[in-house]
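Novice: Sharing target-v2.cif, mmCIF, C-alpha atoms:
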```cif
data_final
loop_
_atom_site.label_atom_id
_atom_site.label_comp_id
_atom_site.auth_asym_id
_atom_site.auth_seq_id
_atom_site.Cartn_x
_atom_site.Cartn_y
_atom_site.Cartn_z
CA MET A 193 -34.79 9.63 41.31
CA ASN A 194 -38.04 8.57 42.96
CA ASP A 195 -39.81 8.55 39.60
CA ARG A 196 -37.17 6.28 38.08
CA ALA A 197 -37.14 4.00 41.11
CA ALA A 198 -40.90 3.56 40.86
CA LEU A 199 -40.75 2.85 37.12
CA ASP A 200 -38.00 0.28 37.63
CA LEU A 201 -40.07 -1.42 40.33
CA LEU A 202 -43.09 -1.58 38.01
CA LEU A 203 -40.91 -3.11 35.29
CA ALA A 204 -39.51 -5.68 37.70
CA HIS A 205 -42.69 -6.62 39.56
CA GLY A 206 -45.56 -5.82 37.21
CA PRO A 207 -48.67 -3.96 38.36
CA LEU A 208 -48.37 -2.50 41.88
CA SER A 209 -50.66 -0.50 44.14
CA ARG A 210 -49.81 2.94 45.48
CA THR A 211 -49.32 1.45 48.95
CA ARG A 212 -46.96 -1.24 47.65
CA ILE A 213 -44.91 1.29 45.68
CA GLY A 214 -44.67 3.43 48.81
CA LYS A 215 -43.39 0.52 50.87
CA LEU A 216 -40.83 -0.57 48.24
CA THR A 217 -39.50 2.97 47.75
CA GLY A 218 -39.83 4.19 51.34
CA LEU A 219 -42.08 7.06 50.25
CA SER A 220 -45.08 8.28 52.20
CA LYS A 221 -48.57 7.67 50.81
CA PRO A 222 -49.06 11.31 49.78
CA THR A 223 -45.67 11.40 48.05
CA ALA A 224 -46.36 8.10 46.28
CA SER A 225 -49.72 9.44 45.14
CA GLN A 226 -48.12 12.61 43.76
CA LEU A 227 -45.45 10.51 42.04
CA LEU A 228 -48.03 8.27 40.34
CA ALA A 229 -50.12 11.26 39.28
CA ARG A 230 -47.05 12.86 37.73
CA LEU A 231 -46.05 9.66 35.90
CA GLU A 232 -49.61 9.11 34.69
CA ALA A 233 -49.80 12.66 33.36
CA ALA A 234 -46.50 12.12 31.54
CA GLY A 235 -47.91 9.01 29.86
CA LEU A 236 -45.42 6.71 31.57
CA VAL A 237 -47.82 4.70 33.75
CA LEU A 238 -51.39 3.49 33.38
CA ALA A 239 -54.04 2.62 35.92
CA THR A 240 -54.89 -1.03 35.31
CA GLY A 241 -57.31 -3.09 37.39
CA THR A 242 -57.56 -3.38 41.15
CA THR A 243 -56.36 -5.74 43.86
CA GLU A 244 -58.73 -8.59 44.74
CA GLY A 245 -59.06 -11.20 47.44
CA ARG A 246 -57.75 -9.03 50.27
CA PRO A 247 -59.53 -7.49 53.29
CA GLY A 248 -60.76 -3.95 52.84
CA PRO A 249 -61.49 -2.00 49.66
CA ASN A 250 -59.76 -2.96 46.44
CA ALA A 251 -56.72 -0.83 45.63
CA GLN A 252 -55.95 0.67 42.23
CA LEU A 253 -53.03 -0.98 40.42
CA TYR A 254 -50.56 0.80 38.16
CA GLU A 255 -48.25 -0.47 35.42
CA VAL A 256 -45.70 0.99 33.03
CA ASN A 257 -47.39 2.22 29.87
CA PRO A 258 -46.01 -0.22 27.27
CA THR A 259 -46.55 2.23 24.42
CA ALA A 260 -44.46 4.98 26.07
CA ALA A 261 -41.50 3.99 23.87
CA HIS A 262 -40.25 1.28 21.54
CA ALA A 263 -36.79 -0.02 20.71
CA ALA A 264 -35.49 -2.38 18.05
CA GLY A 265 -32.73 -4.92 17.63
CA LEU A 266 -31.17 -6.61 14.59
CA ASP A 267 -29.26 -9.90 14.57
CA VAL A 268 -27.12 -10.12 11.42
CA THR A 269 -25.53 -13.33 10.10
CA PRO A 270 -24.21 -14.20 6.64
CA GLU A 271 -27.52 -15.98 5.97
CA ARG A 272 -30.13 -13.49 7.20
CA VAL A 273 -31.04 -10.28 8.98
CA LEU A 274 -33.50 -10.82 11.84
CA ALA A 275 -35.24 -7.77 13.32
CA ALA A 276 -37.50 -7.36 16.34
CA VAL A 277 -39.26 -4.46 18.04
CA ALA A 278 -40.05 -4.37 21.77
CA ASP A 279 -42.19 -2.01 23.79
CA VAL A 280 -40.67 -0.24 26.77
CA THR A 281 -41.59 -3.11 29.11
CA GLY A 282 -39.42 -5.48 27.05
CA ARG A 283 -42.25 -7.39 25.38
CA THR A 284 -41.51 -8.23 21.75
CA VAL A 285 -44.33 -6.83 19.62
CA GLY A 286 -43.06 -7.48 16.10
CA ALA A 287 -40.40 -9.48 14.26
CA TYR A 288 -39.31 -10.00 10.67
CA GLU A 289 -36.56 -11.92 8.88
CA VAL A 290 -34.85 -11.13 5.57
CA PRO A 291 -32.70 -13.83 3.93
CA THR A 292 -29.34 -12.62 2.60
CA PRO A 293 -28.14 -15.16 0.03
CA GLY A 294 -25.07 -14.65 -2.15
CA ARG A 295 -22.45 -11.94 -2.02
CA ASN A 296 -23.76 -8.63 -0.76
CA THR A 297 -22.75 -5.08 -1.57
CA ALA A 298 -22.97 -2.14 0.81
CA GLY A 299 -26.09 -0.95 -1.01
CA ALA A 300 -27.69 -4.36 -0.58
CA VAL A 301 -26.88 -4.28 3.13
CA VAL A 302 -28.69 -0.96 3.57
CA ARG A 303 -31.73 -2.35 1.74
CA GLN A 304 -31.73 -5.54 3.81
CA VAL A 305 -31.43 -3.69 7.12
CA THR A 306 -34.23 -1.27 6.30
CA GLU A 307 -36.44 -4.05 4.92
CA ALA A 308 -35.98 -6.15 8.05
CA LEU A 309 -36.64 -3.20 10.36
CA ASP A 310 -39.67 -2.06 8.38
CA GLY A 311 -41.07 -5.59 8.44
CA ALA A 312 -40.74 -5.81 12.24
CA VAL A 313 -42.18 -2.31 12.67
CA LYS A 314 -45.14 -3.15 10.45
CA ALA A 315 -45.75 -6.40 12.37
CA ALA A 316 -45.88 -4.31 15.55
CA GLY A 317 -48.39 -1.89 14.03
CA LEU A 318 -45.90 0.98 14.22
CA THR A 319 -43.85 3.20 11.94
CA ARG A 320 -40.09 3.79 11.82
CA ASP A 321 -40.54 7.07 13.69
CA ASP A 322 -42.00 5.18 16.66
CA VAL A 323 -38.67 3.42 17.27
CA HIS A 324 -36.47 5.37 19.69
CA ARG A 325 -33.25 3.38 19.21
CA LEU A 326 -31.83 0.50 17.19
CA VAL A 327 -28.99 -1.84 18.20
CA VAL A 328 -27.44 -3.97 15.45
CA ALA A 329 -25.61 -7.19 16.32
CA THR A 330 -22.96 -8.46 13.91
CA PRO A 331 -20.10 -10.93 14.05
CA GLY A 332 -16.74 -9.20 14.59
CA ALA A 333 -16.68 -5.58 15.69
CA PHE A 334 -16.61 -2.12 14.17
CA ASP A 335 -13.23 -0.55 14.89
CA PRO A 336 -13.96 2.63 16.90
CA THR A 337 -11.10 4.50 15.22
CA THR A 338 -11.96 3.68 11.59
CA GLY A 339 -15.60 2.60 11.56
CA ARG A 340 -14.61 -0.52 9.60
CA LEU A 341 -15.89 -3.98 10.48
CA ARG A 342 -13.08 -6.25 11.65
CA TYR A 343 -12.81 -9.98 12.45
CA ALA A 344 -15.77 -10.88 10.21
CA SER A 345 -14.60 -11.42 6.64
CA HIS A 346 -17.43 -13.95 6.25
CA LEU A 347 -20.03 -11.13 6.39
CA PRO A 348 -20.07 -9.77 2.82
CA GLY A 349 -21.12 -6.21 2.16
CA TRP A 350 -20.47 -4.95 5.68
CA HIS A 351 -16.89 -3.77 5.15
CA SER A 352 -17.46 -0.58 3.15
CA PRO A 353 -15.90 2.47 4.86
CA ALA A 354 -19.09 4.43 4.11
CA LEU A 355 -21.54 1.79 5.36
CA LEU A 356 -22.25 3.29 8.79
CA ASP A 357 -22.84 6.72 7.24
CA ASP A 358 -25.18 5.18 4.65
CA LEU A 359 -27.16 3.38 7.34
CA ALA A 360 -27.34 6.53 9.46
CA ALA A 361 -28.76 8.41 6.46
CA ALA A 362 -31.37 5.71 5.85
CA LEU A 363 -32.57 5.34 9.45
CA PRO A 364 -34.28 8.09 11.51
CA MET A 365 -33.32 6.79 14.97
CA PRO A 366 -29.96 6.55 16.80
CA VAL A 367 -28.19 3.32 15.80
CA GLU A 368 -25.56 1.43 17.78
CA TYR A 369 -23.48 -1.53 16.61
CA GLU A 370 -22.24 -4.30 18.87
CA ASN A 371 -20.59 -7.70 18.60
CA ASP A 372 -23.13 -10.52 18.58
CA VAL A 373 -21.50 -12.52 21.38
CA ASN A 374 -21.24 -9.41 23.54
CA LEU A 375 -24.99 -8.99 23.19
CA ALA A 376 -25.61 -12.61 24.14
CA ALA A 377 -23.70 -11.74 27.33
CA VAL A 378 -25.92 -8.68 27.85
CA ALA A 379 -28.96 -10.94 27.64
CA GLU A 380 -27.51 -13.34 30.22
CA GLN A 381 -26.47 -10.45 32.49
CA ARG A 382 -29.92 -8.84 32.40
CA LEU A 383 -32.19 -11.87 32.19
CA GLY A 384 -30.24 -15.10 32.55
CA ALA A 385 -27.49 -17.05 34.24
CA ALA A 386 -25.16 -14.09 34.88
CA ARG A 387 -27.60 -11.91 36.83
CA GLY A 388 -25.85 -10.54 39.90
CA HIS A 389 -22.35 -11.30 38.60
CA GLU A 390 -19.86 -8.50 37.96
CA ASP A 391 -17.09 -10.61 36.40
CA PHE A 392 -17.85 -13.39 33.95
CA VAL A 393 -16.90 -14.87 30.61
CA LEU A 394 -19.49 -16.05 28.12
CA LEU A 395 -18.23 -18.67 25.68
CA TRP A 396 -20.31 -18.90 22.52
CA ASN A 397 -20.28 -21.69 19.96
CA GLU A 398 -22.69 -21.67 17.05
CA GLY A 399 -21.80 -20.31 13.61
CA GLY A 400 -18.46 -19.29 15.09
CA LEU A 401 -16.57 -19.64 18.35
CA GLY A 402 -16.25 -16.47 20.41
CA ALA A 403 -16.33 -15.04 23.90
CA ALA A 404 -17.62 -11.99 25.72
CA LEU A 405 -15.70 -10.55 28.66
CA VAL A 406 -17.58 -8.70 31.41
CA LEU A 407 -15.27 -7.09 33.97
CA GLY A 408 -16.57 -4.98 36.83
CA GLY A 409 -20.07 -5.26 35.40
CA ARG A 410 -19.09 -3.76 32.02
CA LEU A 411 -18.30 -5.30 28.66
CA HIS A 412 -14.60 -5.25 27.86
CA ARG A 413 -14.31 -4.57 24.12
CA GLY A 414 -10.58 -3.91 23.76
CA TRP A 415 -8.73 -1.27 21.76
CA THR A 416 -10.09 -2.31 18.33
CA GLY A 417 -13.30 -3.97 19.57
CA GLY A 418 -11.71 -7.40 19.18
CA ALA A 419 -11.63 -8.53 22.81
CA GLY A 420 -13.22 -11.96 22.95
CA GLU A 421 -12.36 -13.05 19.40
CA VAL A 422 -11.09 -16.31 20.85
CA GLY A 423 -11.70 -18.27 17.65
CA PHE A 424 -8.27 -16.96 16.63
CA LEU A 425 -6.62 -18.17 19.86
CA PRO A 426 -3.64 -20.54 19.29
CA VAL A 427 -4.21 -23.64 21.40
CA PRO A 428 -2.51 -27.03 21.88
CA GLY A 429 -3.98 -29.75 19.68
CA ALA A 430 -4.51 -27.56 16.62
CA PRO A 431 -1.98 -26.37 14.04
CA LEU A 432 -0.93 -22.75 14.04
CA VAL A 433 -2.94 -20.70 11.57
CA ARG A 434 -1.01 -17.76 10.20
CA GLN A 435 -2.70 -14.64 8.83
CA VAL A 436 -5.79 -15.62 10.78
CA THR A 437 -7.82 -12.57 9.70
CA LYS A 438 -7.54 -13.70 6.08
CA ALA A 439 -8.35 -17.30 6.96
CA ASN A 440 -11.07 -16.02 9.35
CA SER A 441 -10.12 -18.79 11.72
CA GLY A 442 -7.50 -19.90 14.18
CA GLY A 443 -6.46 -22.70 16.48
CA TYR A 444 -9.38 -22.71 18.92
CA GLN A 445 -11.96 -22.42 16.13
CA GLU A 446 -10.34 -25.36 14.33
CA LEU A 447 -10.14 -27.37 17.52
CA ALA A 448 -13.57 -26.83 19.09
CA GLY A 449 -15.71 -24.75 16.73
CA SER A 450 -19.00 -26.10 15.43
CA GLN A 451 -17.46 -27.17 12.11
CA ALA A 452 -15.03 -29.45 13.98
CA ILE A 453 -17.81 -31.55 15.54
CA PRO A 454 -19.10 -33.29 12.37
CA ARG A 455 -15.47 -33.94 11.38
CA LEU A 456 -14.79 -35.50 14.77
CA ALA A 457 -17.95 -37.62 14.50
CA ARG A 458 -16.78 -39.05 11.19
CA GLU A 459 -13.36 -39.82 12.66
CA LEU A 460 -15.06 -41.75 15.47
CA GLY A 461 -17.07 -43.81 12.98
CA ILE A 462 -20.46 -42.28 13.81
CA ALA A 463 -22.86 -43.06 10.99
CA ASP A 464 -26.15 -41.45 9.90
CA LEU A 465 -24.93 -37.89 10.50
CA PRO A 466 -27.67 -35.24 10.32
CA THR A 467 -27.78 -33.03 7.23
CA GLY A 468 -27.99 -29.28 6.95
CA PRO A 469 -25.80 -26.27 7.88
CA TYR A 470 -22.78 -27.31 9.92
CA ALA A 471 -23.91 -25.41 13.03
CA ASP A 472 -27.25 -27.25 13.02
CA VAL A 473 -25.49 -30.58 12.41
CA ALA A 474 -23.08 -29.89 15.27
CA ALA A 475 -25.86 -29.03 17.72
CA ALA A 476 -27.81 -32.16 16.74
CA LEU A 477 -24.73 -34.36 17.24
CA VAL A 478 -23.97 -32.83 20.64
CA GLU A 479 -27.58 -33.26 21.76
CA ARG A 480 -27.59 -36.88 20.60
CA ALA A 481 -24.28 -37.57 22.34
CA ALA A 482 -25.46 -35.99 25.61
CA GLY A 483 -28.54 -38.20 25.57
CA ASP A 484 -26.60 -41.42 24.95
CA GLN A 485 -26.06 -43.08 28.33
CA GLU A 486 -23.86 -45.90 27.05
CA SER A 487 -20.14 -45.81 26.33
CA GLY A 488 -19.38 -45.73 22.64
CA PRO A 489 -18.56 -43.28 19.86
CA HIS A 490 -21.21 -40.75 20.88
CA ARG A 491 -19.92 -40.63 24.44
CA GLU A 492 -16.35 -40.35 23.16
CA LEU A 493 -17.45 -37.48 20.92
CA LEU A 494 -18.80 -35.58 23.92
CA ARG A 495 -15.73 -36.26 26.09
CA THR A 496 -13.34 -35.17 23.33
CA TYR A 497 -15.41 -32.06 22.63
CA ALA A 498 -15.39 -31.17 26.35
CA THR A 499 -11.61 -31.52 26.51
CA ARG A 500 -11.19 -29.28 23.47
CA LEU A 501 -13.50 -26.65 24.93
CA ALA A 502 -11.66 -26.72 28.26
CA THR A 503 -8.30 -26.34 26.49
CA GLY A 504 -9.19 -22.88 25.22
CA LEU A 505 -11.11 -21.91 28.34
CA ALA A 506 -8.06 -22.67 30.47
CA SER A 507 -6.17 -19.84 28.76
CA LEU A 508 -9.02 -17.39 29.30
CA VAL A 509 -9.44 -18.40 32.93
CA SER A 510 -5.72 -18.16 33.63
CA VAL A 511 -5.59 -14.56 32.39
CA LEU A 512 -8.97 -13.22 33.53
CA ASP A 513 -9.75 -15.29 36.65
CA PRO A 514 -13.53 -14.79 36.23
CA GLU A 515 -16.11 -15.61 38.86
CA LEU A 516 -18.35 -17.35 36.34
CA VAL A 517 -18.23 -18.90 32.86
CA VAL A 518 -21.49 -19.05 30.91
CA LEU A 519 -21.73 -21.55 28.04
CA SER A 520 -24.05 -20.36 25.27
CA GLY A 521 -24.80 -20.93 21.60
CA ALA A 522 -26.51 -24.00 20.15
CA SER A 523 -23.39 -26.19 19.98
CA LEU A 524 -22.95 -25.75 23.74
CA THR A 525 -26.47 -25.56 25.12
CA ALA A 526 -27.41 -28.71 23.18
CA GLY A 527 -25.10 -30.66 25.51
CA GLY A 528 -26.92 -29.51 28.63
CA GLU A 529 -25.77 -30.53 32.09
CA VAL A 530 -23.87 -33.56 30.79
CA LEU A 531 -21.53 -31.43 28.68
CA ARG A 532 -21.26 -28.72 31.33
CA ALA A 533 -20.10 -31.24 33.94
CA LEU A 534 -17.50 -32.71 31.57
CA VAL A 535 -16.08 -29.27 30.72
CA GLN A 536 -16.04 -28.27 34.40
CA ALA A 537 -14.09 -31.41 35.35
CA GLU A 538 -11.58 -30.88 32.54
CA LEU A 539 -11.15 -27.19 33.36
CA GLU A 540 -10.38 -28.00 36.98
CA GLU A 541 -7.50 -30.14 35.73
CA LEU A 542 -6.17 -27.52 33.29
CA ALA A 543 -6.59 -24.16 35.07
CA ALA A 544 -5.27 -22.84 38.38
CA SER A 545 -8.49 -21.01 39.26
CA ARG A 546 -11.85 -22.74 39.25
CA PRO A 547 -14.74 -20.56 38.13
CA LYS A 548 -18.25 -21.87 38.24
CA LEU A 549 -19.50 -23.08 34.84
CA VAL A 550 -23.19 -22.72 33.98
CA MET A 551 -25.30 -23.14 30.89
CA GLY A 552 -26.92 -19.99 29.53
CA ASP A 553 -30.56 -19.45 30.50
CA VAL A 554 -31.51 -17.30 27.47
CA ILE A 555 -32.01 -20.04 24.91
CA GLU A 556 -34.32 -18.44 22.34
CA ARG A 557 -32.42 -16.01 20.09
CA PRO A 558 -30.02 -14.72 22.80
CA VAL A 559 -28.18 -12.35 20.44
CA LEU A 560 -31.39 -10.65 19.34
CA ARG A 561 -32.62 -10.53 22.93
CA GLY A 562 -29.38 -8.88 23.97
CA ALA A 563 -29.71 -6.30 21.19
CA LEU A 564 -33.23 -5.47 22.40
CA GLU A 565 -32.10 -5.27 26.03
CA SER A 566 -29.25 -2.93 25.09
CA ALA A 567 -31.56 -0.70 23.04
CA LEU A 568 -34.18 -0.70 25.79
CA ALA A 569 -31.68 0.30 28.48
CA ALA A 570 -30.71 3.46 26.60
CA THR A 571 -34.32 4.16 25.62
CA ARG A 572 -35.52 3.91 29.22
CA ASP A 573 -32.75 6.22 30.42
CA GLU A 574 -34.05 8.80 27.95
CA VAL A 575 -37.80 8.34 28.24
CA PHE A 576 -37.96 7.78 32.01
CA ASP A 577 -36.00 10.96 32.76
CA THR A 578 -38.77 13.18 34.16
CA SER A 579 -36.36 15.94 35.16
CA ARG A 580 -36.28 17.36 31.63
#
```
In structure tokens, write the structure found in this file.
Specialist:
Amino acid sequence: MNDRAALDLLLAHGPLSRTRIGKLTGLSKPTASQLLARLEAAGLVLATGTTEGRPGPNAQLYEVNPTAAHAAGLDVTPERVLAAVADVTGRTVGAYEVPTPGRNTAGAVVRQVTEALDGAVKAAGLTRDDVHRLVVATPGAFDPTTGRLRYASHLPGWHSPALLDDLAAALPMPVEYENDVNLAAVAEQRLGAARGHEDFVLLWNEGGLGAALVLGGRLHRGWTGGAGEVGFLPVPGAPLVRQVTKANSGGYQELAGSQAIPRLARELGIADLPTGPYADVAAALVERAAGDQESGPHRELLRTYATRLATGLASLVSVLDPELVVLSGASLTAGGEVLRALVQAELEELAASRPKLVMGDVIERPVLRGALESALAATRDEVFDTSR
């Protein structure tokens, strides 16, 4: 327990002296010295530099050995597979992206996953065998009872019943699969706006509209892994969509998803719309609207969008009563504080409870960052266990 406490302190604070580690852990100097000697012999810590600018002799500093272990994460979308490798301190040391155009087969998926991972591993100067664990982020969720991907018909090639076995055969490390929005919530819980919060909802809007539910500090996945698939949620202001899993959409997605924003802009007479994928267009429109200080169609776009977002959030808040709601994904974070304040005001009118709304702090690739954080947590539990 003392070994792990010291390693966690070094991860949190960076290089520390023996004296500082002793004070933070409550250990005596001799015990702290023995602890550091043991961790150094195990290859888990390194002596690195000395303290400077203080009275008395300089003290030796210690840090976690970054090469003690490595973990990897994959962020999968219909357009690409993005892989990254991090050392045990959490620093990303290699990344690689593989485009996935057209309709995939299960065999193509295995090739794309291994190509992306190998590219990231090579960029890090490592081999596959150096990676202790891999976490793969996908839309939807793999049903724990069948192993089949659900709620993501727009991800071709990932629905074969043998896919997980094929990937396990192709990869030498343990592999875990998690919903992409859930992993964005992991990133915010570990590194961002949800640190210190046990109960929160993360609402995500980018390629799709979804939510992650964290209750009692743990992700709530539901019986089939579909908890948080709020894009299918029937809401006022949008027609009922029947057989939503075939349509891969529902009321809330149609009302407030990224693809609804360009349509709303056209209805409001906004000209010179950006071009590109709808998620990029939506984020650009929201950013432009948030920066427009004058009343007009852009301001109306943002107000209408905020009302639509709050309409679905009101249902979630009424059932879950969370302490915090984190807004994440490009079509939300692009609106910044202006959009957050509008949604907060609308939600206070629509919901009985009033959770605090905040923008996500993990802006750069939050899904991939969450996959790495999840893989690193399990890797550290294994590698930092000096009782074995």
Novice: Name the closest residue to Ala482 of chain A among the candidates A:Ala533, A:Met365, A:Leu519, A:Ala567; distances are taken between atoms, counting all atoms listed in the file.
Specialist: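 Of A:Ala533, A:Met365, A:Leu519, A:Ala567, the one nearest Ala482 of chain A, counting all atoms listed in the file, is A:Ala533.
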Novice: Excluding same-chain residues fewer than 6 positions from Pro489 of chain A, what lies within 9 Å of it counting all atoms listed in the file, as an MDAnalysis selection string?
Specialist: chainID A and resid 457 460:462 481
Novice: Give me a file of those residues, with C-alpha atoms, as a short mmCIF file (atom, residue, chain, number, x, y, z; two decimals), in the coordinates of the input.
Specialist:
```cif
data_model
loop_
_atom_site.label_atom_id
_atom_site.label_comp_id
_atom_site.auth_asym_id
_atom_site.auth_seq_id
_atom_site.Cartn_x
_atom_site.Cartn_y
_atom_site.Cartn_z
CA ALA A 457 -17.95 -37.62 14.50
CA LEU A 460 -15.06 -41.75 15.47
CA GLY A 461 -17.07 -43.81 12.98
CA ILE A 462 -20.46 -42.28 13.81
CA ALA A 481 -24.28 -37.57 22.34
#
```
Novice: Please expand the PyMOL selection byres ((chain A and resi 389) around 10) into the concrete residues it hits in this file, giving the result as an MDAnalysis selection string.
Specialist: chainID A and resid 381 385:388 390:392 406:409 514:516
Novice: Could you pull the residues within 10 Å of segment 223-236 of chain A, counting only C-alpha atoms, minus those fewer than 6 positions along the same chain, as a list in words?
Specialist: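 Once the adjacent positions are removed, what remains is Asn194, Asp195, Arg196, Ala198, Leu199, Ser209, Arg210, Thr211, Arg212, Ile213, Gly214, Lys215, Thr217, Tyr254, Glu255, Val256, Asn257, Pro258, Thr259, Ala260, Ala261, Val280, Val575, Phe576 and Thr578 of chain A.
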Novice: Counting all atoms listed in the file, I want the residues whose atoms come within 9 Å of (-6.5, -25.0, 24.1) in the file frame, returned as JSON, numbers by chain.
Specialist: {"A": [425, 426, 427, 428, 429, 430, 443, 444, 447, 448, 499, 500, 501, 502, 503, 504, 505, 506, 507]}
Novice: Could I get the residues of segment 358-380 of chain A with an atom no further than 10 Å from an atom of segment 413-416 of chain A, each paired with its nearest atom pair and that distance in Å to one decimal, using only C-alpha atoms, sorted by chain and residue number, as CSV?
Specialist:
```
residue,atom,partner,partner_atom,distance
A:Glu370,CA,A:Arg413,CA,9.5
A:Asn371,CA,A:Arg413,CA,8.9
A:Asn374,CA,A:Arg413,CA,8.5
```
Novice: For the structure shown, which residues end up in the PyMOL selection byres ((chain A and resi 490) around 12)? Put them as a VMD selection string, please?
Specialist: chain A and resid 453 to 454 456 to 463 465 476 to 489 491 to 497 527
Novice: Which of these, A:Ala298, A:Ala197, A:Leu405, A:Leu318, has the shortest distance to Ala354 of chain A once you count all atoms listed in the file?
Specialist: A:Ala298
Novice: Output requested as a PDB file, in the coordinates of the input - segment 511-526 of chain A, filled out with N, CA, C and O atoms.
Specialist:
```
ATOM      1  N   VAL A 511      -5.862 -15.993  32.535  1.00  0.00           N
ATOM      2  CA  VAL A 511      -5.590 -14.560  32.390  1.00  0.00           C
ATOM      3  C   VAL A 511      -6.620 -13.725  33.138  1.00  0.00           C
ATOM      4  O   VAL A 511      -6.282 -12.752  33.824  1.00  0.00           O
ATOM      5  N   LEU A 512      -7.902 -14.076  33.029  1.00  0.00           N
ATOM      6  CA  LEU A 512      -8.970 -13.220  33.530  1.00  0.00           C
ATOM      7  C   LEU A 512      -9.448 -13.573  34.932  1.00  0.00           C
ATOM      8  O   LEU A 512     -10.002 -12.728  35.625  1.00  0.00           O
ATOM      9  N   ASP A 513      -9.307 -14.836  35.338  1.00  0.00           N
ATOM     10  CA  ASP A 513      -9.750 -15.290  36.650  1.00  0.00           C
ATOM     11  C   ASP A 513     -11.196 -14.864  36.924  1.00  0.00           C
ATOM     12  O   ASP A 513     -11.489 -14.197  37.926  1.00  0.00           O
ATOM     13  N   PRO A 514     -12.146 -15.240  36.049  1.00  0.00           N
ATOM     14  CA  PRO A 514     -13.530 -14.790  36.230  1.00  0.00           C
ATOM     15  C   PRO A 514     -14.231 -15.560  37.336  1.00  0.00           C
ATOM     16  O   PRO A 514     -13.849 -16.674  37.693  1.00  0.00           O
ATOM     17  N   GLU A 515     -15.267 -14.954  37.852  1.00  0.00           N
ATOM     18  CA  GLU A 515     -16.110 -15.610  38.860  1.00  0.00           C
ATOM     19  C   GLU A 515     -16.963 -16.707  38.236  1.00  0.00           C
ATOM     20  O   GLU A 515     -17.250 -17.723  38.872  1.00  0.00           O
ATOM     21  N   LEU A 516     -17.361 -16.502  36.979  1.00  0.00           N
ATOM     22  CA  LEU A 516     -18.350 -17.350  36.340  1.00  0.00           C
ATOM     23  C   LEU A 516     -18.025 -17.501  34.870  1.00  0.00           C
ATOM     24  O   LEU A 516     -17.534 -16.561  34.238  1.00  0.00           O
ATOM     25  N   VAL A 517     -18.290 -18.675  34.310  1.00  0.00           N
ATOM     26  CA  VAL A 517     -18.230 -18.900  32.860  1.00  0.00           C
ATOM     27  C   VAL A 517     -19.593 -19.388  32.413  1.00  0.00           C
ATOM     28  O   VAL A 517     -20.112 -20.376  32.950  1.00  0.00           O
ATOM     29  N   VAL A 518     -20.188 -18.683  31.458  1.00  0.00           N
ATOM     30  CA  VAL A 518     -21.490 -19.050  30.910  1.00  0.00           C
ATOM     31  C   VAL A 518     -21.272 -19.675  29.536  1.00  0.00           C
ATOM     32  O   VAL A 518     -20.584 -19.102  28.689  1.00  0.00           O
ATOM     33  N   LEU A 519     -21.822 -20.863  29.328  1.00  0.00           N
ATOM     34  CA  LEU A 519     -21.730 -21.550  28.040  1.00  0.00           C
ATOM     35  C   LEU A 519     -23.012 -21.293  27.269  1.00  0.00           C
ATOM     36  O   LEU A 519     -24.116 -21.581  27.746  1.00  0.00           O
ATOM     37  N   SER A 520     -22.882 -20.750  26.049  1.00  0.00           N
ATOM     38  CA  SER A 520     -24.050 -20.360  25.270  1.00  0.00           C
ATOM     39  C   SER A 520     -23.816 -20.674  23.796  1.00  0.00           C
ATOM     40  O   SER A 520     -22.705 -20.995  23.378  1.00  0.00           O
ATOM     41  N   GLY A 521     -24.869 -20.552  23.003  1.00  0.00           N
ATOM     42  CA  GLY A 521     -24.800 -20.930  21.600  1.00  0.00           C
ATOM     43  C   GLY A 521     -25.223 -22.387  21.439  1.00  0.00           C
ATOM     44  O   GLY A 521     -24.983 -23.231  22.312  1.00  0.00           O
ATOM     45  N   ALA A 522     -25.846 -22.704  20.316  1.00  0.00           N
ATOM     46  CA  ALA A 522     -26.510 -24.000  20.150  1.00  0.00           C
ATOM     47  C   ALA A 522     -25.576 -25.186  20.319  1.00  0.00           C
ATOM     48  O   ALA A 522     -25.975 -26.237  20.827  1.00  0.00           O
ATOM     49  N   SER A 523     -24.312 -25.060  19.886  1.00  0.00           N
ATOM     50  CA  SER A 523     -23.390 -26.190  19.980  1.00  0.00           C
ATOM     51  C   SER A 523     -22.902 -26.437  21.401  1.00  0.00           C
ATOM     52  O   SER A 523     -22.208 -27.419  21.661  1.00  0.00           O
ATOM     53  N   LEU A 524     -23.247 -25.545  22.329  1.00  0.00           N
ATOM     54  CA  LEU A 524     -22.950 -25.750  23.740  1.00  0.00           C
ATOM     55  C   LEU A 524     -24.212 -26.105  24.526  1.00  0.00           C
ATOM     56  O   LEU A 524     -24.244 -27.083  25.266  1.00  0.00           O
ATOM     57  N   THR A 525     -25.258 -25.313  24.351  1.00  0.00           N
ATOM     58  CA  THR A 525     -26.470 -25.560  25.120  1.00  0.00           C
ATOM     59  C   THR A 525     -27.109 -26.891  24.766  1.00  0.00           C
ATOM     60  O   THR A 525     -27.824 -27.479  25.599  1.00  0.00           O
ATOM     61  N   ALA A 526     -26.858 -27.408  23.558  1.00  0.00           N
ATOM     62  CA  ALA A 526     -27.410 -28.710  23.180  1.00  0.00           C
ATOM     63  C   ALA A 526     -26.885 -29.832  24.057  1.00  0.00           C
ATOM     64  O   ALA A 526     -27.527 -30.873  24.220  1.00  0.00           O
TER      65      ALA A 526
END
```
